[in-house]
$ cat upload26.txt   # compact mmCIF, C-alpha atoms
# COMPACT_ATOMS: atom_id res chain seq x y z
CA MET A 1 99.91 177.73 88.39
CA SER A 2 99.80 173.89 88.46
CA GLU A 3 100.08 173.42 92.22
CA HIS A 4 97.11 173.99 94.53
CA LEU A 5 96.69 177.46 96.03
CA LYS A 6 98.04 177.80 99.53
CA ASP A 7 95.93 179.17 102.37
CA GLN A 8 97.92 182.41 102.35
CA ASP A 9 97.40 182.76 98.57
CA ILE A 10 93.62 182.48 99.02
CA ALA A 11 93.79 184.97 101.90
CA ARG A 12 95.80 187.44 99.76
CA TYR A 13 93.34 186.94 96.88
CA ARG A 14 90.38 187.75 99.16
CA SER A 15 92.17 190.73 100.77
CA ARG A 16 93.03 192.14 97.32
CA MET A 17 96.75 192.11 97.96
CA MET A 18 97.78 190.14 94.79
CA SER A 19 99.48 191.78 91.84
CA PRO A 20 97.67 191.65 88.48
CA VAL A 21 99.97 188.90 87.19
CA GLU A 22 99.36 186.84 90.33
CA LEU A 23 95.63 187.41 89.91
CA LEU A 24 95.74 186.07 86.36
CA SER A 25 97.57 182.96 87.51
CA ALA A 26 95.22 182.45 90.45
CA ASN A 27 92.15 182.90 88.21
CA GLU A 28 93.53 180.38 85.75
CA HIS A 29 94.01 177.80 88.53
CA LEU A 30 90.62 178.41 90.17
CA SER A 31 88.86 177.91 86.85
CA SER A 32 90.32 174.41 86.46
CA CYS A 33 90.64 173.13 90.08
CA ASP A 34 87.42 172.08 91.86
CA LEU A 35 89.25 171.58 95.15
CA CYS A 36 90.68 175.12 95.34
CA TYR A 37 87.40 176.52 94.03
CA ALA A 38 85.56 174.90 96.97
CA ARG A 39 88.21 176.11 99.43
CA PHE A 40 87.87 179.67 98.15
CA GLY A 41 84.22 179.93 99.27
CA ALA A 42 80.80 180.71 97.92
CA ASP A 43 80.13 182.18 94.51
CA GLU A 44 79.41 185.62 95.99
CA HIS A 45 82.91 185.78 97.48
CA LEU A 46 84.37 184.75 94.18
CA GLU A 47 82.32 187.31 92.30
CA ALA A 48 83.68 190.17 94.47
CA ALA A 49 87.22 188.92 94.01
CA TYR A 50 86.61 188.59 90.31
CA ASN A 51 85.48 192.22 90.02
CA LEU A 52 88.61 193.29 91.84
CA ALA A 53 90.75 191.13 89.58
CA ARG A 54 89.11 192.63 86.51
CA GLU A 55 89.76 196.14 87.76
CA GLY A 56 93.38 195.22 88.43
CA ILE A 57 94.03 193.55 85.11
CA ASP A 58 92.15 195.97 82.83
CA GLY A 59 95.28 197.98 82.46
CA VAL A 60 97.64 195.05 82.23
CA GLU A 61 98.75 193.92 78.86
CA PRO A 62 98.29 190.18 78.40
CA PRO A 63 101.36 188.14 77.47
CA GLU A 64 102.27 187.86 73.82
CA ASP A 65 101.27 184.19 73.57
CA TYR A 66 97.97 184.82 75.32
CA HIS A 67 94.79 183.67 73.46
CA LEU A 68 91.13 183.51 74.27
CA SER A 69 89.84 180.20 75.63
CA TYR A 70 87.19 178.18 73.85
CA GLU A 71 84.62 178.96 76.58
CA CYS A 72 85.29 182.68 76.35
CA VAL A 73 84.97 182.67 72.55
CA ALA A 74 81.74 180.60 72.77
CA ALA A 75 80.24 182.89 75.42
CA TYR A 76 81.14 185.97 73.35
CA VAL A 77 79.58 184.50 70.20
CA ASP A 78 76.42 183.57 72.19
CA GLY A 79 76.22 187.07 73.70
CA GLU A 80 76.49 185.75 77.24
CA LEU A 81 79.37 187.94 78.41
CA GLY A 82 78.88 191.15 80.31
CA GLU A 83 79.68 194.50 78.82
CA ARG A 84 83.13 194.67 80.36
CA GLU A 85 84.07 191.12 79.23
CA SER A 86 82.72 191.72 75.73
CA ASN A 87 84.78 194.92 75.45
CA ALA A 88 87.87 193.00 76.59
CA VAL A 89 87.27 190.29 73.94
CA GLU A 90 86.69 192.83 71.16
CA SER A 91 89.85 194.72 72.20
CA HIS A 92 91.83 191.48 72.11
CA ILE A 93 90.67 190.20 68.71
CA GLN A 94 91.57 193.55 67.14
CA SER A 95 95.21 192.81 67.90
CA CYS A 96 95.19 188.98 67.72
CA ARG A 97 94.61 187.48 64.30
CA GLN A 98 94.37 183.96 65.63
CA CYS A 99 91.59 184.68 68.15
CA GLU A 100 89.75 186.77 65.51
CA VAL A 101 89.76 183.71 63.24
CA ASP A 102 88.46 181.53 66.11
CA VAL A 103 85.60 183.99 66.80
CA ASN A 104 84.64 184.17 63.10
CA ASP A 105 84.86 180.40 62.64
CA LEU A 106 82.67 179.71 65.66
CA ARG A 107 80.14 182.37 64.62
CA SER A 108 79.97 180.81 61.11
CA LEU A 109 79.53 177.33 62.62
CA LYS A 110 76.74 178.57 64.86
CA ASP A 111 74.97 180.23 61.95
CA SER A 112 75.13 176.97 59.96
CA PHE A 113 73.08 175.21 62.69
CA GLY A 114 70.35 177.82 62.72
CA PRO A 115 68.81 179.09 65.95
CA ALA A 116 70.32 176.35 68.15
CA ARG A 117 72.45 177.80 70.94
CA SER A 118 75.59 176.51 72.54
CA ALA A 119 75.41 175.44 76.16
CA ALA A 120 75.97 178.40 78.49
CA PRO A 121 79.17 178.25 80.49
CA ASP A 122 78.96 177.96 84.28
CA SER A 123 80.27 180.59 86.69
CA LYS A 124 83.75 179.08 86.76
CA ARG A 125 84.17 179.49 83.02
CA LEU A 126 83.72 183.27 83.34
CA PHE A 127 86.91 183.57 85.34
CA LEU A 128 88.91 183.75 82.18
CA LEU A 129 90.84 181.67 79.78
CA ARG A 130 91.59 178.13 80.88
CA ARG A 131 91.75 175.98 77.69
CA PRO A 132 94.34 176.25 74.96
CA ARG A 133 93.26 176.77 71.42
CA PHE A 134 93.70 173.14 70.43
CA ALA A 135 92.06 171.60 73.53
CA LEU A 136 89.21 170.14 71.50
CA MET A 137 91.62 168.67 68.97
CA PHE A 138 93.71 167.22 71.77
CA GLN A 139 90.66 165.57 73.35
CA VAL A 140 89.70 164.01 70.03
CA ALA A 141 93.24 162.71 69.56
CA ALA A 142 93.33 161.37 73.13
CA ALA A 143 89.99 159.61 72.61
CA ALA A 144 91.29 158.05 69.40
CA ALA A 145 94.45 156.90 71.18
CA MET A 146 92.37 155.39 73.97
CA ILE A 147 90.22 153.51 71.44
CA LEU A 148 93.37 152.15 69.77
CA LEU A 149 94.74 151.11 73.16
CA LEU A 150 91.53 149.30 74.04
CA VAL A 151 91.51 147.55 70.66
CA TRP A 152 95.15 146.50 71.15
CA LEU A 153 94.44 145.21 74.67
CA GLY A 154 91.43 143.30 73.36
CA LEU A 155 93.52 141.65 70.66
CA LEU A 156 96.23 140.84 73.18
CA TRP A 157 93.68 139.20 75.51
CA GLN A 158 92.21 137.23 72.63
CA GLN A 159 95.66 135.99 71.60
CA LYS A 160 96.38 134.92 75.18
CA ARG A 161 93.01 133.18 75.41
CA VAL A 162 93.59 131.37 72.11
CA ALA A 163 97.01 130.21 73.36
CA GLU A 164 95.44 128.91 76.58
CA LEU A 165 92.74 127.06 74.66
CA GLU A 166 95.31 125.54 72.30
CA SER A 167 97.33 124.37 75.31
CA LYS A 168 94.25 122.80 76.91
CA ILE A 169 93.31 121.09 73.65
CA ALA A 170 96.83 119.65 73.37
CA GLU A 171 96.67 118.46 76.98
CA ALA A 172 93.25 116.87 76.42
CA GLU A 173 94.48 115.11 73.29
CA GLY A 174 97.44 113.76 75.27
CA LYS A 175 95.11 112.43 77.97
CA ILE A 176 92.86 110.84 75.36
CA GLN A 177 95.86 109.13 73.79
CA THR A 178 97.03 107.90 77.19
CA GLN A 179 93.56 106.64 78.08
CA SER A 180 93.29 104.89 74.73
CA SER A 181 96.56 103.11 75.43
CA THR A 182 95.34 102.15 78.91
CA ILE A 183 92.06 100.83 77.50
CA GLU A 184 93.95 98.73 74.97
CA GLN A 185 96.11 97.28 77.75
CA ILE A 186 93.06 96.54 79.90
CA GLU A 187 91.31 94.86 76.99
CA SER A 188 94.42 92.75 76.41
CA GLN A 189 94.52 91.71 80.07
CA MET A 190 90.79 90.99 80.02
CA GLY A 191 91.37 88.73 77.04
CA GLU A 192 94.05 86.84 78.95
CA LEU A 193 91.79 86.52 81.99
CA GLN A 194 88.95 85.28 79.83
CA LYS A 195 91.23 82.68 78.29
CA GLU A 196 92.37 81.59 81.74
CA ASN A 197 88.77 81.42 82.90
CA ASP A 198 87.85 79.22 79.94
CA GLU A 199 90.70 76.88 80.76
CA LEU A 200 89.56 76.64 84.38
CA ARG A 201 86.03 75.89 83.25
CA GLN A 202 87.32 73.10 81.02
CA GLU A 203 89.31 71.63 83.91
CA LEU A 204 86.26 71.90 86.16
CA SER A 205 84.09 70.13 83.62
CA ALA A 206 86.64 67.33 83.39
CA TYR A 207 86.58 66.88 87.17
CA GLU A 208 82.80 67.07 87.49
CA GLY A 209 82.09 64.58 84.74
CA ALA A 210 79.23 64.55 82.29
CA ARG A 211 76.37 63.11 84.41
CA PRO A 212 73.26 65.35 84.16
CA ASP A 213 72.14 64.60 87.74
CA ARG A 214 75.47 65.64 89.27
CA GLN A 215 75.48 68.73 91.51
CA PRO A 216 77.92 71.43 90.25
CA GLY A 217 81.35 70.56 91.60
CA GLY A 218 80.07 68.06 94.16
CA LEU A 219 78.54 64.62 94.47
CA ALA A 220 75.52 63.26 92.67
CA PRO A 221 72.62 62.23 94.92
CA GLY A 222 73.46 58.90 96.59
CA GLU A 223 77.07 58.94 95.35
CA ALA A 224 79.72 57.61 97.74
CA ILE A 225 83.27 58.82 98.11
CA SER A 226 86.40 57.19 99.42
CA LEU A 227 89.77 58.85 100.07
CA LYS A 228 93.07 57.56 101.35
CA ASP A 229 93.83 59.85 104.28
CA ALA A 230 97.22 59.18 105.91
CA ASP A 231 97.03 55.61 107.30
CA SER A 232 93.28 55.20 106.94
CA VAL A 233 90.48 55.42 104.40
CA VAL A 234 87.84 58.07 104.94
CA GLY A 235 84.81 59.03 102.97
CA LEU A 236 81.09 59.52 102.63
CA ASN A 237 78.75 56.59 102.11
CA GLU A 238 75.53 56.42 100.06
CA ARG A 239 73.51 57.54 103.08
CA GLY A 240 75.62 60.71 103.42
CA GLU A 241 77.45 59.50 106.54
CA LEU A 242 81.13 60.14 107.26
CA THR A 243 83.26 57.02 107.53
CA GLY A 244 86.81 56.25 108.64
CA LEU A 245 87.22 59.28 110.90
CA ALA A 246 87.63 59.58 114.63
CA PRO A 247 84.55 61.03 116.33
CA LEU A 248 84.07 64.69 115.48
CA SER A 249 82.10 67.41 117.18
CA PRO A 250 78.80 68.22 115.42
CA ALA A 251 80.27 71.51 114.11
CA TYR A 252 83.39 69.83 112.74
CA GLU A 253 81.32 67.01 111.24
CA ARG A 254 79.12 69.48 109.36
CA LEU A 255 82.19 71.33 108.00
CA VAL A 256 83.86 68.15 106.71
CA LYS A 257 80.65 66.69 105.28
CA THR A 258 79.78 69.97 103.46
CA ALA A 259 83.30 70.17 102.03
CA LEU A 260 83.08 66.65 100.58
CA GLU A 261 79.58 67.18 99.17
CA ALA A 262 80.44 70.54 97.53
CA GLY A 263 84.04 69.74 96.68
CA GLU A 264 85.05 73.00 98.39
CA ALA A 265 86.13 74.00 101.91
CA ARG A 266 84.53 77.05 103.49
CA VAL A 267 86.76 80.14 103.84
CA PRO A 268 85.81 83.24 105.91
CA ASP A 269 84.70 86.23 103.85
CA SER A 270 87.17 88.45 105.75
CA VAL A 271 90.08 86.70 104.04
CA ALA A 272 89.20 88.50 100.82
CA ASP A 273 90.29 91.78 102.46
CA LEU A 274 93.70 90.24 103.16
CA ILE A 275 94.12 89.06 99.57
CA GLY A 276 93.17 92.34 97.84
CA ARG A 277 93.17 92.96 94.11
CA ARG A 278 95.94 93.60 91.63
CA GLN A 279 96.06 97.11 90.13
CA VAL A 280 96.30 97.81 86.37
CA LEU A 281 99.29 100.04 85.59
CA MET A 282 100.78 101.11 82.27
CA GLY A 283 104.22 99.94 81.26
CA SER A 284 106.39 97.26 82.85
CA ASN A 285 109.49 97.13 84.99
CA ASP A 286 112.00 94.37 84.23
CA ALA A 287 114.16 95.39 87.21
CA TYR A 288 112.24 92.95 89.45
CA GLY A 289 112.94 89.77 87.50
CA SER A 290 111.98 86.86 89.79
CA PHE A 291 112.04 89.09 92.87
CA ALA A 292 108.73 88.42 94.69
CA LEU A 293 107.21 88.03 98.15
CA LEU A 294 106.40 84.41 99.03
CA ALA A 295 104.77 84.08 102.45
CA PRO A 296 102.70 84.94 104.35
CA LEU A 297 100.44 86.66 101.81
CA GLY A 298 96.67 87.16 102.05
CA THR A 299 96.16 84.67 104.84
CA VAL A 300 95.69 84.16 108.55
CA ILE A 301 98.69 82.70 110.41
CA ASP A 302 98.80 80.84 113.73
CA SER A 303 102.27 81.97 114.82
CA ASP A 304 102.68 85.40 116.43
CA GLN A 305 106.35 85.46 115.33
CA PRO A 306 106.07 84.54 111.65
CA ALA A 307 108.95 83.82 109.28
CA LEU A 308 108.70 86.18 106.30
CA LYS A 309 110.02 84.76 103.02
CA TRP A 310 110.78 86.18 99.56
CA SER A 311 112.70 85.17 96.43
CA ALA A 312 116.14 86.57 95.65
CA LEU A 313 116.82 89.51 93.35
CA ASP A 314 119.78 88.98 91.05
CA GLY A 315 122.56 91.43 91.89
CA ALA A 316 121.03 92.61 95.18
CA THR A 317 123.55 93.38 97.91
CA SER A 318 121.12 93.48 100.85
CA TYR A 319 117.48 93.31 101.93
CA VAL A 320 115.57 95.21 104.64
CA VAL A 321 112.18 94.00 105.90
CA GLY A 322 109.55 96.22 107.54
CA VAL A 323 106.33 95.16 109.32
CA TYR A 324 103.48 97.67 109.82
CA ASP A 325 100.16 97.66 111.65
CA SER A 326 96.79 98.52 110.07
CA ARG A 327 97.55 102.24 110.50
CA LEU A 328 100.91 101.79 108.73
CA ASN A 329 102.91 102.35 111.91
CA GLU A 330 106.16 100.38 111.83
CA VAL A 331 106.17 97.64 114.49
CA ALA A 332 109.28 95.72 113.44
CA SER A 333 112.24 96.24 111.10
CA SER A 334 115.18 94.06 110.15
CA PRO A 335 118.82 95.07 109.76
CA PRO A 336 120.35 94.71 106.28
CA LEU A 337 120.08 91.01 105.40
CA GLN A 338 121.85 88.72 102.96
CA SER A 339 119.30 85.91 103.25
CA THR A 340 115.75 85.81 101.85
CA GLU A 341 114.00 84.94 105.12
CA TRP A 342 113.53 86.86 108.36
CA THR A 343 111.62 85.97 111.53
CA VAL A 344 109.88 88.76 113.41
CA PRO A 345 111.94 89.07 116.65
CA ARG A 346 109.07 89.77 119.10
CA PRO A 347 105.47 88.50 119.29
CA LEU A 348 102.85 90.36 117.29
CA LYS A 349 99.40 91.15 118.65
CA ARG A 350 96.92 88.33 118.11
CA GLY A 351 93.78 89.22 116.14
CA ALA A 352 95.59 92.11 114.42
CA VAL A 353 96.25 92.62 110.69
CA TYR A 354 99.75 93.53 109.49
CA ASN A 355 101.44 94.65 106.27
CA TRP A 356 105.00 93.85 105.34
CA GLN A 357 107.46 94.83 102.62
CA VAL A 358 111.00 94.11 101.48
CA ARG A 359 113.43 96.73 100.13
CA ALA A 360 116.34 95.38 98.09
CA VAL A 361 119.45 97.42 97.24
CA LYS A 362 120.88 96.82 93.78
CA ASP A 363 123.48 98.99 92.02
CA GLY A 364 122.93 101.70 94.62
CA GLU A 365 119.17 101.83 93.97
CA GLU A 366 116.31 100.60 96.13
CA ILE A 367 113.71 98.19 94.71
CA LYS A 368 110.63 97.62 96.87
CA LEU A 369 108.11 94.80 97.20
CA PRO A 370 105.19 94.52 96.87
CA ARG A 371 105.24 96.14 93.45
CA ALA A 372 103.03 99.14 92.72
CA ASP A 373 100.57 97.03 90.71
CA ALA A 374 100.30 94.28 93.36
CA PRO A 375 98.02 94.17 96.42
CA ALA A 376 99.47 95.06 99.81
CA ALA A 377 101.21 92.10 101.47
CA LYS A 378 98.85 91.43 104.40
CA PHE A 379 98.43 88.74 107.01
CA LYS A 380 96.42 88.35 110.20
CA VAL A 381 97.61 86.73 113.41
CA LEU A 382 95.00 84.24 114.63
CA GLU A 383 93.14 85.10 117.82
CA ALA A 384 94.36 83.34 120.94
CA ALA A 385 91.07 81.44 121.52
CA LYS A 386 90.99 80.10 117.96
CA SER A 387 94.66 79.18 118.14
CA ALA A 388 94.01 77.12 121.25
CA GLU A 389 91.01 75.46 119.56
CA LEU A 390 93.11 74.48 116.54
CA GLU A 391 95.79 73.06 118.81
CA ARG A 392 93.19 70.77 120.40
CA ALA A 393 92.00 69.73 116.91
CA ARG A 394 95.57 68.87 115.87
CA ARG A 395 95.99 66.65 118.90
CA ALA A 396 92.68 64.90 118.24
CA HIS A 397 92.73 64.67 114.42
CA GLY A 398 96.37 65.20 113.49
CA GLY A 399 96.40 62.08 111.34
CA SER A 400 93.67 63.33 108.94
CA ARG A 401 94.71 65.64 106.11
CA LEU A 402 91.04 66.09 105.23
CA VAL A 403 89.92 67.25 108.68
CA LEU A 404 92.90 69.56 109.26
CA GLY A 405 92.59 71.04 105.77
CA VAL A 406 88.90 71.84 106.32
CA LEU A 407 89.52 73.33 109.80
CA TYR A 408 92.48 75.40 108.62
CA ALA A 409 90.42 76.79 105.71
CA GLN A 410 87.51 77.59 108.04
CA ALA A 411 89.92 79.59 110.28
CA GLY A 412 91.46 81.42 107.30
CA LEU A 413 94.86 79.69 107.53
CA LEU A 414 95.09 79.27 103.76
CA ASP A 415 98.78 78.31 103.65
CA ASP A 416 98.19 75.46 106.12
CA ALA A 417 94.96 74.37 104.41
CA GLU A 418 96.63 74.32 101.00
CA ARG A 419 99.48 72.18 102.35
CA GLU A 420 97.06 69.61 103.78
CA PHE A 421 94.88 69.45 100.62
CA GLU A 422 97.97 69.12 98.43
CA LEU A 423 99.13 66.10 100.43
CA LEU A 424 95.59 64.68 100.22
CA ALA A 425 95.50 65.12 96.40
CA GLN A 426 98.94 63.48 96.05
CA ALA A 427 97.70 60.49 98.02
CA ASN A 428 94.59 60.27 95.79
CA PRO A 429 95.71 61.11 92.23
CA GLN A 430 92.54 59.65 90.70
CA SER A 431 90.11 61.42 93.04
CA ARG A 432 88.18 64.24 91.50
CA ILE A 433 87.00 65.50 94.92
CA ALA A 434 90.50 65.62 96.42
CA ARG A 435 91.78 67.57 93.43
CA ARG A 436 88.82 69.93 93.51
CA LEU A 437 89.32 70.75 97.19
CA LEU A 438 92.86 71.90 96.37
CA ASP A 439 91.98 73.78 93.16
CA ARG A 440 89.05 75.66 94.69
CA LEU A 441 91.18 76.78 97.62
CA ARG A 442 93.92 78.01 95.27
CA ALA A 443 91.36 79.83 93.14
CA LYS A 444 90.31 81.89 96.17
CA ARG A 445 93.91 83.05 96.57
CA ARG A 446 94.39 84.12 92.94
CA TYR A 447 95.67 87.72 92.70
$ encode --input "upload26.txt" --output "structure tokens"
Amino acid sequence: MSEHLKDQDIARYRSRMMSPVELLSANEHLSSCDLCYARFGADEHLEAAYNLAREGIDGVEPPEDYHLSYECVAAYVDGELGERESNAVESHIQSCRQCEVDVNDLRSLKDSFGPARSAAPDSKRLFLLRRPRFALMFQVAAAAAMILLLVWLGLLWQQKRVAELESKIAEAEGKIQTQSSTIEQIESQMGELQKENDELRQELSAYEGARPDRQPGGLAPGEAISLKDADSVVGLNERGELTGLAPLSPAYERLVKTALEAGEARVPDSVADLIGRRQVLMGSNDAYGSFALLAPLGTVIDSDQPALKWSALDGATSYVVGVYDSRLNEVASSPPLQSTEWTVPRPLKRGAVYNWQVRAVKDGEEIKLPRADAPAAKFKVLEAAKSAELERARRAHGGSRLVLGVLYAQAGLLDDAEREFELLAQANPQSRIARRLLDRLRAKRRY
């Protein structure tokens, strides 16, 4: 009986209403099922039912394929069965050659170990015959199969782990190779930058001259300077006084005098955030050609409706310009353009920083500027108060390239300052100071 005993079966067992065959089946199930054994009741109830079952089955012939269980044989050999059970076993082995062999084999095995006794069976084992003859052999075989299964699973896990490690090693080797290539490219670019730096140093030495008492990049003590500035001649005399200029405010006078003495105009530190730094990326993209943003880039501008300019891309069918605030929210966008210049249609907020980009369409594909390895294209709109101040300076000193260049640089208007210093250097081709003012300003804008 493989299924659990029903409540009515247990009731019939207790009330002694089962047939002998049903009793045998019920005994077999109770001896192997802890759940039904607990449902049946205490051991004393089971003992009474067992006595009844024994009385009922004493006269019943067991089935032809019936054999003694291992527990029954062991209990018989150990002398732990009662008189009635021992008589039943002896009666059975007289007619069953197989069980007789089991009894003799177990008795011989016990004798070989001396006085040691087998473990006594519990009360459930006395209910009769619940293990087949080859139960022990089956358990050994099952244990061996389980060991083989565990070994196979272990090998399978190890193979999977080895495959994962090999994959990670291959991935790491690929990253190392990529990083090696990147390092080589960086070293090559560093070599080019070093060469460029050496050339700049040589140019600087040529402008500064060889006098040991000369201040780096500026004037030697007591040295005078004279520059052609529009329709007049301006400069700095031996006493360090400005000459040839209309009266300046003390602040403006200090700015111009310091620029001439150092050979460099002061630029706000905040401009460096507008210029940014170029990124180092692997590979190159020839699709851009001469396509590049021109202006405004990395500078402050005075106009709140700037004209954005870029160079043409060969084969491009149209361009679209977008302007974004510091949070990358779009504030202005152009329609598809054929030209390479677009003026922002409505005033931008003064004192704010903006980014802009151009998207060109070529052969059905979109090519965007700035490139991935270039800094963001930023500009700042000059504050209203500073714009008004510069307008007053233009009216008062509009004829002086030197003064306007210094004031534009001090306000961060690098495009305007560069234009003024370039005109000043053209008017003074032999002047080391004029050339240095222009070169030092351009050096600050180098990407």
$ closest_residue --input "upload26.txt" --among "A:Gly364, A:Pro370, A:Pro347, A:Gly174" --to "Asp302 of chain A" --atoms "all atoms listed in the file"
A:Pro347
$ residues_around --input "upload26.txt" --residues "Val320 of chain A" --least-positions-apart "4" --cutoff "9 Å" --atoms "only C-alpha atoms" --output "count of residues only"
10
$ atom_distance --input "upload26.txt" --atom1 "atom CA of Gly405 of chain A" --atom2 "atom CA of Gly298 of chain A"
17.0 Å
$ atom_distance --input "upload26.txt" --atom1 "atom CA of Cys36 of chain A" --atom2 "atom CA of Asp9 of chain A"
10.7 Å
$ residues_around --input "upload26.txt" --residues "Val323 of chain A" --least-positions-apart "3" --cutoff "9 Å" --atoms "all atoms listed in the file" --output "list in words"
Leu328, Asn329, Glu330, Val331, Ala332, Ser333, Ser334, Val344, Tyr354, Asn355, Trp356 and Gln357 of chain A
